[in-house]
Amino acid sequence: MKNEHPILTRPQRFFRYALRLVFSLFLLCIVLDFPIPTAELARRATERRYYFGPSEVLCTLEEPLSWDRSYAVRWGDWYGVVSIQRAGLFWDTGWMETVKNDPDLPLIPLEDSFFLSQHEPVIVFSNDPVIVSVTLEFPAIPGTAEVQLITTTQAEGNNGCFLLSIPDPDGGGWTYSSRFRLSGYDADGKLVWRSPTPTGAPEGWDDLFGPDALEL
(Lines give C-alpha, C1' and ligand atoms only; values in the text may rest on other atoms or scores of the structure.)
Protein backbone atom coordinates (compact mmCIF):
# COMPACT_ATOMS: atom_id res chain seq x y z
CA MET A 1 0.00 0.00 0.00
CA LYS A 2 1.43 3.34 -1.05
CA ASN A 3 2.08 6.01 1.56
CA GLU A 4 -0.48 8.73 1.36
CA HIS A 5 0.78 12.30 1.76
CA PRO A 6 -1.39 14.60 3.81
CA ILE A 7 -3.22 17.23 1.85
CA LEU A 8 -2.07 20.67 2.95
CA THR A 9 -4.36 23.62 3.16
CA ARG A 10 -3.48 26.83 1.28
CA PRO A 11 -2.14 28.58 4.43
CA GLN A 12 -0.01 25.51 5.19
CA ARG A 13 1.41 25.44 1.64
CA PHE A 14 2.12 29.18 1.81
CA PHE A 15 3.94 28.75 5.11
CA ARG A 16 6.02 25.87 3.72
CA TYR A 17 7.04 27.87 0.63
CA ALA A 18 7.91 30.88 2.81
CA LEU A 19 10.18 28.71 4.97
CA ARG A 20 11.90 27.36 1.87
CA LEU A 21 12.45 30.88 0.57
CA VAL A 22 13.91 32.12 3.86
CA PHE A 23 16.19 29.08 4.08
CA SER A 24 17.35 29.56 0.48
CA LEU A 25 18.14 33.23 1.11
CA PHE A 26 20.04 32.28 4.25
CA LEU A 27 22.20 29.78 2.31
CA LEU A 28 22.79 32.37 -0.42
CA CYS A 29 23.99 34.90 2.14
CA ILE A 30 26.44 32.36 3.54
CA VAL A 31 27.80 31.48 0.10
CA LEU A 32 28.19 35.12 -0.94
CA ASP A 33 29.61 36.19 2.46
CA PHE A 34 27.06 39.00 2.69
CA PRO A 35 25.69 40.39 4.88
CA ILE A 36 28.49 39.58 7.34
CA PRO A 37 27.64 40.14 11.02
CA THR A 38 31.18 40.80 12.37
CA ALA A 39 34.39 42.46 11.20
CA GLU A 40 36.38 39.30 11.96
CA LEU A 41 34.19 37.23 9.61
CA ALA A 42 34.55 39.93 6.93
CA ARG A 43 38.33 39.78 7.29
CA ARG A 44 38.32 36.01 6.87
CA ALA A 45 35.99 36.22 3.88
CA THR A 46 38.31 38.78 2.25
CA GLU A 47 41.29 36.48 2.77
CA ARG A 48 39.42 33.56 1.19
CA ARG A 49 38.66 35.72 -1.83
CA TYR A 50 42.40 36.38 -2.25
CA TYR A 51 43.33 32.72 -1.55
CA PHE A 52 45.21 33.85 1.55
CA GLY A 53 45.22 32.48 5.07
CA PRO A 54 43.88 31.69 7.54
CA SER A 55 46.28 34.28 8.89
CA GLU A 56 47.50 35.51 12.24
CA VAL A 57 46.38 39.05 13.06
CA LEU A 58 49.38 41.07 14.19
CA CYS A 59 47.53 44.29 14.95
CA THR A 60 44.57 46.45 13.98
CA LEU A 61 45.81 49.57 12.23
CA GLU A 62 44.82 52.81 13.93
CA GLU A 63 44.57 54.53 10.54
CA PRO A 64 42.52 52.34 8.19
CA LEU A 65 43.80 52.38 4.60
CA SER A 66 40.86 54.11 2.87
CA TRP A 67 38.45 51.63 4.50
CA ASP A 68 36.58 51.35 7.79
CA ARG A 69 39.00 48.89 9.39
CA SER A 70 42.40 47.45 8.47
CA TYR A 71 44.35 44.52 9.89
CA ALA A 72 48.06 43.74 9.59
CA VAL A 73 48.35 39.96 9.23
CA ARG A 74 50.89 37.21 8.67
CA TRP A 75 50.45 33.86 6.95
CA GLY A 76 53.47 31.60 6.53
CA ASP A 77 56.07 33.47 4.48
CA TRP A 78 53.73 36.36 3.70
CA TYR A 79 52.73 39.60 5.36
CA GLY A 80 49.60 41.49 4.39
CA VAL A 81 47.04 44.16 5.18
CA VAL A 82 43.33 43.33 5.01
CA SER A 83 40.93 46.28 4.78
CA ILE A 84 37.16 45.90 5.13
CA GLN A 85 34.18 48.21 5.10
CA ARG A 86 30.85 48.58 6.84
CA ALA A 87 27.58 47.76 5.12
CA GLY A 88 24.93 49.36 7.32
CA LEU A 89 24.67 47.25 10.47
CA PHE A 90 26.86 44.56 8.90
CA TRP A 91 30.29 44.27 7.28
CA ASP A 92 31.38 43.63 3.72
CA THR A 93 34.53 42.14 2.19
CA GLY A 94 37.21 44.54 1.05
CA TRP A 95 40.76 44.76 -0.29
CA MET A 96 44.01 43.01 0.48
CA GLU A 97 47.69 43.81 -0.17
CA THR A 98 50.48 41.31 0.44
CA VAL A 99 54.28 41.16 0.41
CA LYS A 100 56.51 38.09 0.61
CA ASN A 101 58.69 38.01 3.71
CA ASP A 102 62.47 37.80 3.51
CA PRO A 103 63.70 36.55 6.92
CA ASP A 104 67.19 37.89 6.17
CA LEU A 105 65.86 41.47 6.08
CA PRO A 106 65.03 43.11 9.43
CA LEU A 107 62.37 45.38 7.88
CA ILE A 108 59.85 44.48 5.18
CA PRO A 109 57.81 47.31 3.61
CA LEU A 110 54.42 46.66 2.10
CA GLU A 111 55.55 47.65 -1.38
CA ASP A 112 52.08 48.21 -2.83
CA SER A 113 51.57 51.06 -0.37
CA PHE A 114 54.29 53.25 -1.85
CA PHE A 115 51.97 55.41 -3.90
CA LEU A 116 53.07 58.27 -1.70
CA SER A 117 51.19 60.93 -3.65
CA GLN A 118 47.97 59.46 -2.25
CA HIS A 119 49.05 60.42 1.30
CA GLU A 120 48.45 56.87 2.49
CA PRO A 121 50.50 55.69 5.46
CA VAL A 122 53.32 53.27 4.72
CA ILE A 123 53.21 49.87 6.46
CA VAL A 124 56.48 48.26 7.52
CA PHE A 125 56.84 44.82 9.15
CA SER A 126 59.77 43.98 11.42
CA ASN A 127 61.50 40.59 11.59
CA ASP A 128 63.81 41.80 14.36
CA PRO A 129 62.25 42.16 17.86
CA VAL A 130 65.12 44.45 18.86
CA ILE A 131 63.80 47.14 16.51
CA VAL A 132 61.28 49.34 18.32
CA SER A 133 61.41 52.46 16.13
CA VAL A 134 61.38 52.85 12.34
CA THR A 135 62.20 55.88 10.18
CA LEU A 136 61.28 56.37 6.51
CA GLU A 137 63.18 58.90 4.39
CA PHE A 138 62.35 59.85 0.82
CA PRO A 139 62.87 62.74 -1.62
CA ALA A 140 59.90 64.99 -2.36
CA ILE A 141 59.23 68.28 -4.12
CA PRO A 142 56.72 70.67 -2.46
CA GLY A 143 54.93 72.35 -5.36
CA THR A 144 57.52 74.12 -7.51
CA ALA A 145 60.20 74.34 -4.80
CA GLU A 146 63.47 72.43 -4.73
CA VAL A 147 63.58 68.77 -3.82
CA GLN A 148 63.69 68.03 -0.08
CA LEU A 149 64.47 64.96 1.99
CA ILE A 150 61.35 64.12 4.01
CA THR A 151 61.58 62.06 7.19
CA THR A 152 58.79 60.36 9.10
CA THR A 153 59.12 58.10 12.17
CA GLN A 154 57.01 55.79 14.28
CA ALA A 155 58.64 55.63 17.67
CA GLU A 156 56.84 52.54 18.89
CA GLY A 157 55.55 49.61 16.83
CA ASN A 158 52.64 47.31 17.52
CA ASN A 159 53.64 43.65 17.56
CA GLY A 160 56.23 44.24 14.84
CA CYS A 161 53.99 46.48 12.73
CA PHE A 162 54.90 50.09 11.97
CA LEU A 163 52.56 52.59 10.33
CA LEU A 164 54.43 55.64 9.04
CA SER A 165 52.19 58.59 8.21
CA ILE A 166 53.29 60.90 5.41
CA PRO A 167 53.48 64.55 6.60
CA ASP A 168 51.23 67.06 4.86
CA PRO A 169 53.09 69.80 2.96
CA ASP A 170 52.65 73.47 3.84
CA GLY A 171 50.47 74.55 0.94
CA GLY A 172 50.14 72.69 -2.33
CA GLY A 173 51.10 69.06 -2.53
CA TRP A 174 54.10 66.78 -2.69
CA THR A 175 55.60 65.31 -5.81
CA TYR A 176 57.02 62.11 -4.41
CA SER A 177 59.81 59.75 -5.21
CA SER A 178 59.50 56.08 -4.32
CA ARG A 179 63.28 55.81 -3.80
CA PHE A 180 63.04 55.62 -0.04
CA ARG A 181 65.31 54.44 2.78
CA LEU A 182 64.28 52.59 5.95
CA SER A 183 66.11 52.65 9.29
CA GLY A 184 65.39 50.60 12.42
CA TYR A 185 66.48 51.58 15.95
CA ASP A 186 66.57 49.79 19.29
CA ALA A 187 65.16 51.02 22.62
CA ASP A 188 68.28 53.11 23.26
CA GLY A 189 67.98 54.87 19.90
CA LYS A 190 70.92 52.98 18.40
CA LEU A 191 70.76 52.18 14.69
CA VAL A 192 70.14 48.44 14.21
CA TRP A 193 69.73 48.28 10.43
CA ARG A 194 69.41 50.62 7.47
CA SER A 195 68.41 49.80 3.92
CA PRO A 196 70.84 50.83 1.14
CA THR A 197 70.66 54.47 0.06
CA PRO A 198 68.97 54.60 -3.38
CA THR A 199 71.37 55.63 -6.13
CA GLY A 200 71.35 56.20 -9.87
CA ALA A 201 68.92 57.86 -12.23
CA PRO A 202 66.08 58.42 -12.13
CA GLU A 203 65.33 59.66 -8.63
CA GLY A 204 68.38 58.19 -6.91
CA TRP A 205 69.51 60.37 -4.01
CA ASP A 206 72.79 61.16 -5.72
CA ASP A 207 70.84 62.08 -8.86
CA LEU A 208 68.51 64.42 -6.94
CA PHE A 209 70.81 65.87 -4.27
CA GLY A 210 74.30 65.33 -5.63
CA PRO A 211 77.00 62.87 -4.50
CA ASP A 212 77.13 64.32 -0.96
CA ALA A 213 73.68 62.79 -0.33
CA LEU A 214 75.31 59.36 -0.03
CA GLU A 215 76.94 60.52 3.19
CA LEU A 216 73.60 61.26 4.88
# chains A, B, ... in the order shown; residues from 1 in each chain; ligands from 1
>>> select_by_dssp(residues="segment 23-171 of chain A", states="alpha helix (DSSP H)", output="list in words")
Phe23, Ser24, Leu25, Phe26, Leu27, Leu28, Cys29, Ile30, Val31, Leu32, Ala39, Glu40, Leu41, Ala42, Arg43, Arg44, Ala45, Thr46, Glu47, Arg48 and Arg49 of chain A
>>> write_last_selection(atoms="N, CA and C atoms", output="PDB file, in the first residue's frame")
ATOM      1  N   PHE A  23      15.031  29.956   3.964  1.00  0.00           N
ATOM      2  CA  PHE A  23      16.190  29.078   4.076  1.00  0.00           C
ATOM      3  C   PHE A  23      17.117  29.228   2.876  1.00  0.00           C
ATOM      4  N   SER A  24      16.535  29.381   1.682  1.00  0.00           N
ATOM      5  CA  SER A  24      17.348  29.556   0.476  1.00  0.00           C
ATOM      6  C   SER A  24      18.116  30.865   0.523  1.00  0.00           C
ATOM      7  N   LEU A  25      17.461  31.942   0.986  1.00  0.00           N
ATOM      8  CA  LEU A  25      18.144  33.230   1.108  1.00  0.00           C
ATOM      9  C   LEU A  25      19.259  33.170   2.136  1.00  0.00           C
ATOM     10  N   PHE A  26      19.016  32.434   3.221  1.00  0.00           N
ATOM     11  CA  PHE A  26      20.043  32.282   4.248  1.00  0.00           C
ATOM     12  C   PHE A  26      21.271  31.572   3.687  1.00  0.00           C
ATOM     13  N   LEU A  27      21.074  30.493   2.923  1.00  0.00           N
ATOM     14  CA  LEU A  27      22.199  29.782   2.314  1.00  0.00           C
ATOM     15  C   LEU A  27      22.920  30.665   1.308  1.00  0.00           C
ATOM     16  N   LEU A  28      22.162  31.479   0.556  1.00  0.00           N
ATOM     17  CA  LEU A  28      22.786  32.371  -0.421  1.00  0.00           C
ATOM     18  C   LEU A  28      23.669  33.407   0.265  1.00  0.00           C
ATOM     19  N   CYS A  29      23.197  33.922   1.390  1.00  0.00           N
ATOM     20  CA  CYS A  29      23.994  34.903   2.135  1.00  0.00           C
ATOM     21  C   CYS A  29      25.301  34.291   2.626  1.00  0.00           C
ATOM     22  N   ILE A  30      25.233  33.026   3.054  1.00  0.00           N
ATOM     23  CA  ILE A  30      26.438  32.357   3.535  1.00  0.00           C
ATOM     24  C   ILE A  30      27.429  32.156   2.395  1.00  0.00           C
ATOM     25  N   VAL A  31      26.928  31.735   1.256  1.00  0.00           N
ATOM     26  CA  VAL A  31      27.804  31.481   0.102  1.00  0.00           C
ATOM     27  C   VAL A  31      28.446  32.766  -0.385  1.00  0.00           C
ATOM     28  N   LEU A  32      27.688  33.853  -0.413  1.00  0.00           N
ATOM     29  CA  LEU A  32      28.188  35.124  -0.935  1.00  0.00           C
ATOM     30  C   LEU A  32      28.908  35.953   0.126  1.00  0.00           C
ATOM     31  N   ALA A  39      33.209  42.055  11.959  1.00  0.00           N
ATOM     32  CA  ALA A  39      34.394  42.464  11.200  1.00  0.00           C
ATOM     33  C   ALA A  39      35.359  41.296  11.029  1.00  0.00           C
ATOM     34  N   GLU A  40      35.471  40.443  12.037  1.00  0.00           N
ATOM     35  CA  GLU A  40      36.379  39.302  11.958  1.00  0.00           C
ATOM     36  C   GLU A  40      35.971  38.357  10.822  1.00  0.00           C
ATOM     37  N   LEU A  41      34.670  38.092  10.688  1.00  0.00           N
ATOM     38  CA  LEU A  41      34.195  37.232   9.605  1.00  0.00           C
ATOM     39  C   LEU A  41      34.425  37.890   8.252  1.00  0.00           C
ATOM     40  N   ALA A  42      34.292  39.216   8.190  1.00  0.00           N
ATOM     41  CA  ALA A  42      34.545  39.932   6.930  1.00  0.00           C
ATOM     42  C   ALA A  42      36.025  39.851   6.555  1.00  0.00           C
ATOM     43  N   ARG A  43      36.898  39.925   7.566  1.00  0.00           N
ATOM     44  CA  ARG A  43      38.335  39.781   7.285  1.00  0.00           C
ATOM     45  C   ARG A  43      38.626  38.393   6.723  1.00  0.00           C
ATOM     46  N   ARG A  44      38.086  37.364   7.337  1.00  0.00           N
ATOM     47  CA  ARG A  44      38.324  36.006   6.872  1.00  0.00           C
ATOM     48  C   ARG A  44      37.765  35.796   5.470  1.00  0.00           C
ATOM     49  N   ALA A  45      36.584  36.360   5.204  1.00  0.00           N
ATOM     50  CA  ALA A  45      35.993  36.224   3.876  1.00  0.00           C
ATOM     51  C   ALA A  45      36.849  36.920   2.824  1.00  0.00           C
ATOM     52  N   THR A  46      37.425  38.080   3.183  1.00  0.00           N
ATOM     53  CA  THR A  46      38.311  38.782   2.252  1.00  0.00           C
ATOM     54  C   THR A  46      39.548  37.952   1.959  1.00  0.00           C
ATOM     55  N   GLU A  47      40.123  37.337   2.974  1.00  0.00           N
ATOM     56  CA  GLU A  47      41.291  36.480   2.774  1.00  0.00           C
ATOM     57  C   GLU A  47      40.963  35.303   1.866  1.00  0.00           C
ATOM     58  N   ARG A  48      39.809  34.687   2.053  1.00  0.00           N
ATOM     59  CA  ARG A  48      39.423  33.565   1.188  1.00  0.00           C
ATOM     60  C   ARG A  48      39.321  34.017  -0.259  1.00  0.00           C
ATOM     61  N   ARG A  49      38.803  35.205  -0.460  1.00  0.00           N
ATOM     62  CA  ARG A  49      38.657  35.721  -1.827  1.00  0.00           C
ATOM     63  C   ARG A  49      40.006  35.917  -2.501  1.00  0.00           C
TER      64      ARG A  49
END
>>> residues_around(residues="Pro211 of chain A", least_positions_apart="3", cutoff="12 Å", atoms="only C-alpha atoms", output="PyMOL selection string")
chain A and resi 197-200+204-208+214-216
>>> write_last_selection(atoms="N, CA, C and O atoms", output="PDB file, in the first residue's frame")
ATOM      1  N   THR A 197      71.097  53.180   0.587  1.00  0.00           N
ATOM      2  CA  THR A 197      70.662  54.471   0.057  1.00  0.00           C
ATOM      3  C   THR A 197      70.437  54.354  -1.445  1.00  0.00           C
ATOM      4  O   THR A 197      71.318  53.888  -2.162  1.00  0.00           O
ATOM      5  N   PRO A 198      69.253  54.729  -1.941  1.00  0.00           N
ATOM      6  CA  PRO A 198      68.969  54.602  -3.376  1.00  0.00           C
ATOM      7  C   PRO A 198      69.910  55.469  -4.205  1.00  0.00           C
ATOM      8  O   PRO A 198      70.130  56.642  -3.892  1.00  0.00           O
ATOM      9  N   THR A 199      70.455  54.900  -5.261  1.00  0.00           N
ATOM     10  CA  THR A 199      71.372  55.634  -6.131  1.00  0.00           C
ATOM     11  C   THR A 199      70.987  55.447  -7.589  1.00  0.00           C
ATOM     12  O   THR A 199      70.220  54.540  -7.939  1.00  0.00           O
ATOM     13  N   GLY A 200      71.557  56.321  -8.433  1.00  0.00           N
ATOM     14  CA  GLY A 200      71.348  56.204  -9.871  1.00  0.00           C
ATOM     15  C   GLY A 200      70.094  56.907 -10.341  1.00  0.00           C
ATOM     16  O   GLY A 200      69.161  57.182  -9.575  1.00  0.00           O
ATOM     17  N   GLY A 204      67.432  58.591  -7.939  1.00  0.00           N
ATOM     18  CA  GLY A 204      68.381  58.193  -6.912  1.00  0.00           C
ATOM     19  C   GLY A 204      68.790  59.413  -6.104  1.00  0.00           C
ATOM     20  O   GLY A 204      68.770  60.546  -6.590  1.00  0.00           O
ATOM     21  N   TRP A 205      69.186  59.217  -4.856  1.00  0.00           N
ATOM     22  CA  TRP A 205      69.507  60.366  -4.010  1.00  0.00           C
ATOM     23  C   TRP A 205      70.687  61.154  -4.566  1.00  0.00           C
ATOM     24  O   TRP A 205      70.707  62.375  -4.485  1.00  0.00           O
ATOM     25  N   ASP A 206      71.661  60.441  -5.125  1.00  0.00           N
ATOM     26  CA  ASP A 206      72.790  61.160  -5.719  1.00  0.00           C
ATOM     27  C   ASP A 206      72.369  61.914  -6.975  1.00  0.00           C
ATOM     28  O   ASP A 206      72.923  62.959  -7.309  1.00  0.00           O
ATOM     29  N   ASP A 207      71.354  61.413  -7.665  1.00  0.00           N
ATOM     30  CA  ASP A 207      70.837  62.078  -8.859  1.00  0.00           C
ATOM     31  C   ASP A 207      70.057  63.336  -8.490  1.00  0.00           C
ATOM     32  O   ASP A 207      70.092  64.343  -9.206  1.00  0.00           O
ATOM     33  N   LEU A 208      69.347  63.310  -7.352  1.00  0.00           N
ATOM     34  CA  LEU A 208      68.509  64.418  -6.945  1.00  0.00           C
ATOM     35  C   LEU A 208      69.256  65.444  -6.107  1.00  0.00           C
ATOM     36  O   LEU A 208      69.026  66.653  -6.224  1.00  0.00           O
ATOM     37  N   LEU A 214      74.971  60.727  -0.435  1.00  0.00           N
ATOM     38  CA  LEU A 214      75.307  59.356  -0.031  1.00  0.00           C
ATOM     39  C   LEU A 214      75.937  59.314   1.338  1.00  0.00           C
ATOM     40  O   LEU A 214      76.071  58.249   1.936  1.00  0.00           O
ATOM     41  N   GLU A 215      76.334  60.460   1.869  1.00  0.00           N
ATOM     42  CA  GLU A 215      76.937  60.522   3.192  1.00  0.00           C
ATOM     43  C   GLU A 215      75.898  60.775   4.283  1.00  0.00           C
ATOM     44  O   GLU A 215      76.235  60.809   5.462  1.00  0.00           O
ATOM     45  N   LEU A 216      74.650  60.989   3.890  1.00  0.00           N
ATOM     46  CA  LEU A 216      73.600  61.260   4.875  1.00  0.00           C
ATOM     47  C   LEU A 216      73.300  60.020   5.703  1.00  0.00           C
ATOM     48  O   LEU A 216      73.317  58.908   5.198  1.00  0.00           O
TER      49      LEU A 216
END
>>> residues_around(residues="Val134 of chain A", least_positions_apart="2", cutoff="7 Å", atoms="only C-alpha atoms", output="PyMOL selection string")
chain A and resi 132+136+153-155+183-185
>>> write_last_selection(atoms="N, CA, C and O atoms", output="mmCIF file, in the first residue's frame")
data_model
loop_
_atom_site.group_PDB
_atom_site.id
_atom_site.type_symbol
_atom_site.label_atom_id
_atom_site.label_comp_id
_atom_site.auth_asym_id
_atom_site.auth_seq_id
_atom_site.Cartn_x
_atom_site.Cartn_y
_atom_site.Cartn_z
ATOM 1 N N VAL A 132 62.494 48.784 17.715
ATOM 2 C CA VAL A 132 61.285 49.344 18.323
ATOM 3 C C VAL A 132 60.877 50.657 17.677
ATOM 4 O O VAL A 132 59.815 51.206 17.987
ATOM 5 N N LEU A 136 61.362 56.406 7.976
ATOM 6 C CA LEU A 136 61.279 56.369 6.510
ATOM 7 C C LEU A 136 61.743 57.712 5.972
ATOM 8 O O LEU A 136 61.275 58.760 6.417
ATOM 9 N N THR A 153 58.713 59.142 11.221
ATOM 10 C CA THR A 153 59.122 58.099 12.169
ATOM 11 C C THR A 153 57.931 57.606 12.968
ATOM 12 O O THR A 153 57.048 58.394 13.338
ATOM 13 N N GLN A 154 57.907 56.310 13.249
ATOM 14 C CA GLN A 154 57.014 55.786 14.279
ATOM 15 C C GLN A 154 57.887 55.278 15.407
ATOM 16 O O GLN A 154 58.706 54.365 15.228
ATOM 17 N N ALA A 155 57.744 55.898 16.558
ATOM 18 C CA ALA A 155 58.643 55.633 17.674
ATOM 19 C C ALA A 155 58.356 54.314 18.378
ATOM 20 O O ALA A 155 59.207 53.791 19.086
ATOM 21 N N SER A 183 65.155 52.832 8.198
ATOM 22 C CA SER A 183 66.113 52.646 9.291
ATOM 23 C C SER A 183 65.372 52.121 10.512
ATOM 24 O O SER A 183 64.271 52.596 10.834
ATOM 25 N N GLY A 184 65.971 51.148 11.199
ATOM 26 C CA GLY A 184 65.393 50.601 12.420
ATOM 27 C C GLY A 184 66.300 50.851 13.611
ATOM 28 O O GLY A 184 67.528 50.703 13.501
ATOM 29 N N TYR A 185 65.711 51.219 14.747
ATOM 30 C CA TYR A 185 66.478 51.581 15.945
ATOM 31 C C TYR A 185 66.008 50.742 17.133
ATOM 32 O O TYR A 185 64.829 50.349 17.210
#
>>> atom_distance(atom1="atom CA of Met96 of chain A", atom2="atom CA of Ile166 of chain A")
20.7 Å
>>> atom_distance(atom1="atom CA of Gly94 of chain A", atom2="atom CA of Glu111 of chain A")
18.8 Å
>>> closest_residue(among="A:Glu156, A:Asp92, A:Glu62, A:Glu146", to="Pro121 of chain A", atoms="only C-alpha atoms")
A:Glu62
